[in-house]
Amino acid sequence: MWLWYDWRAAAIADAHGNIVDIASWDGHMTEHAIVQRLSQVEQGIAIPEVQVLLNRFPEAKVCLHGDPELPEADWPFPDDEAQEMADKAALRMAIEGVQRSASDPDRRLEHLVRGSDELRASHLTMEARLIEWAGLFFPMAVVTDRQAFVACVAQSETPADFAQRMELVLPQEQPSPSEWASIHEWAADTSQAQSRLDRLEHALRLLASEHLPSVTALLGPLLAARLCVEAHGLQRLARLPSGTVQILGAEKAFFHHLKTGAPSPKHGHIFMHPWISRSPRWVRGKISRMLAGKISIAAKIDAFDGTPWGDEDVAKVEARVEALLETHKQPPARRR
Amino acid sequence: MGGGSKRRRGPRHLSQTVRLDRRSLWTLNAVPGRAVYGESLRRFQGQEYRRWEPHRSKLAAAMLRTKDDPAFLLPEPGTTILYLGAGHGTSVSHLHDHLCGEQNRLGGRLVSVDLAPRCLRDLTFLAEVRPGLVPVLGDARKHAGWGVLVPRKVDWLFQDVAQAGQVDIFIAACKRFLAPNGTGLLSLKAASERWTGEGEAALFAEVESALNGASLRVIESIELTGYEDNHRLFVVEGMEA
């Protein structure tokens, strides 16, 4: 005895493939109801009609439509009208599925990280150009605080105004009014880009500490987010070997190493962490190897719903870093 | 000249809606006035056709390259077909022109499965103006999720998933969904397979024997170089179980 079912009906067939009994869904076929049934089937939940037939034939083996075990039989497939309704429901499900993908923090993090990279790059070039551009007309202006310099240009309507703010003598060569207007607007854009970047990074920090609490506790939100994006998602980061985590972001050096036998990279993005970038050169590799292992653990905690790491756990890792620094105070002797 | 029929010079119709004009393919636009992916639109005898770009669609490339009649590669209009790895709907839209026509006057069903939400987003836009197109957000390997949308076996199945294990996915899909004597098309991207053997030719030979071993008869294997490099399209026929 076989119990066949799809989203709409269930049927019993004997060993010869003769249909013995059928239970069809007699409810009102609305799109919403079909969507519910289709998603139940997708999750592996049997439709109610299966239970009805199972009460009559308790010994029947339940199989979803398409199960290779099922014998050939004239199963009660949906008619054209029902099929058309199901197709509409499938479209609705596809739209809902597409919408659900917006809730995927990995995709959101990717846009935030890449967006902040692009914004930072464009902000830095704009800032550099402004300083050169304004410096062309005011060679005596000394730039100590770049941000303040940009703000100062942004506030000055005229070159004379700017000279006054910076306590400079107005030079003889002057930009034309329209040229100064362009410089002025450029400065306004630059300082706006600065504040936009700050707000974007704030959003990035919030999302990263929510999505990757343990890795964030260990590395800070920006680096944690970058590693997650570089690994193509938290699930994948949690599954990567820690040797890969260690050199994420150093792919070029790594493949150069594989190809030519050049020294292997010791750190990728994690170099940004002060434990590594502020340590002496000869312990960086050791620290990054240890740290990558800890990142893998932290990522697994975040990916598989563990208890997020707190200050205590991070302090333990920091103690390991201190110990490594302590045991390798001197650079290794040069090999002859 | 061996290998199939000679190509006729003049334009000809491969089906009611598909037109082969020397080296370009055109399908009767089911949504007149609208291009799907920036392809050119042109009127032939008062009816608007969309150009089927062989550089964008591996199916179109295969139809231009096949040694057989290209019409053999197309499904019967008005039937149910299955398309795994539908992507952004480039090929799917032309298949819809052929299979369903305007407002699905031919009564076809085109079940198109893809895993990526970004691709599905484009497909759902397409499906809203093209009835008969059924987009499914799902894994081509996990038939249980969406298999109920394909009640009977299909006569035409296309797979273009470009991921490791394409051949196994195709064989499983053919076992489950392809009717005996139905046509199965597998677009194989060599770069997606982990292959440590010698060269692509050996890989393609291996795939062919794997398909034959799975009781699928390989009719033709079409080289797509020029349109799509490192790709090959296998045409198979489902055999009686």
# chains A, B, ... in the order shown; residues from 1 in each chain; ligands from 1
>>> closest_atom_pairs(of="region 106-205 of chain B", to="region 70-81 of chain A", cutoff="10 Å", atoms="only C-alpha atoms", output="JSON lines")
{"residue": "B:Gly107", "atom": "CA", "partner": "A:Asp80", "partner_atom": "CA", "distance": 9.8}
{"residue": "B:Val148", "atom": "CA", "partner": "A:Phe77", "partner_atom": "CA", "distance": 9.6}
{"residue": "B:Leu149", "atom": "CA", "partner": "A:Pro78", "partner_atom": "CA", "distance": 9.7}
{"residue": "B:Val150", "atom": "CA", "partner": "A:Phe77", "partner_atom": "CA", "distance": 9.7}
{"residue": "B:Pro151", "atom": "CA", "partner": "A:Phe77", "partner_atom": "CA", "distance": 6.3}
{"residue": "B:Arg152", "atom": "CA", "partner": "A:Phe77", "partner_atom": "CA", "distance": 8.1}
>>> select_by_dssp(residues="region 24-259 of chain A", states="alpha helix (DSSP H)", output="PyMOL selection string")
chain A and resi 31-42+48-56+80-100+105-137+146-155+159-165+177-211+213-219+221-230+234-239+242-247+251-259
>>> residues_around(residues="Lys286 (chain A)", least_positions_apart="4", cutoff="9 Å", atoms="only C-alpha atoms", output="CSV table (one decimal) with C-alpha atoms, in the first residue's frame")
chain,number,residue,atom,x,y,z
A,266,LYS,CA,51.1,35.8,7.4
A,282,TRP,CA,58.7,38.7,14.2
A,290,MET,CA,46.5,32.2,17.1
A,291,LEU,CA,44.0,35.0,16.5
A,324,LEU,CA,53.4,35.5,22.8
>>> closest_residue(among="B:Leu64, B:Ala127, B:Ala179, B:Ala86", to="chain A", atoms="only C-alpha atoms")
B:Ala127
>>> residues_around(residues="region 167-172 of chain A", least_positions_apart="2", cutoff="8 Å", atoms="only C-alpha atoms", output="list in words")
Phe137, Phe138, Met140, Ala141, Pro159, Ala160, Ala163, Gln164, Arg165 and Gln174 of chain A
>>> write_last_selection(atoms="C-alpha atoms", output="compact mmCIF listing (two decimals), in the first residue's frame")
# COMPACT_ATOMS: atom_id res chain seq x y z
CA PHE A 137 46.13 79.86 -4.75
CA PHE A 138 47.20 80.09 -1.12
CA MET A 140 51.32 80.01 2.42
CA ALA A 141 48.42 78.04 3.95
CA PRO A 159 38.92 84.04 -1.38
CA ALA A 160 39.18 87.13 0.84
CA ALA A 163 42.30 84.47 3.75
CA GLN A 164 40.78 86.17 6.74
CA ARG A 165 39.77 82.92 8.40
CA GLN A 174 43.29 85.13 -7.54
>>> residues_around(residues="Val134 (chain B)", least_positions_apart="2", cutoff="12 Å", atoms="only C-alpha atoms", output="PyMOL selection string")
(chain A and resi 83-95) or (chain B and resi 80-84+86+89+92-93+96+100+104+108-114+120+123-132+136-137+146+149-150)
>>> closest_residue(among="A:Ala262, A:Ala319, A:Ala82, A:Ala188", to="chain B", atoms="only C-alpha atoms")
A:Ala82
>>> closest_residue(among="B:Ala144, B:Ser24, B:Ala60, B:Glu237", to="Cys63 (chain A)", atoms="only C-alpha atoms")
B:Ala144
>>> closest_residue(among="A:Ala60, A:Leu38, A:Ala217, A:Val98", to="chain B", atoms="only C-alpha atoms")
A:Val98
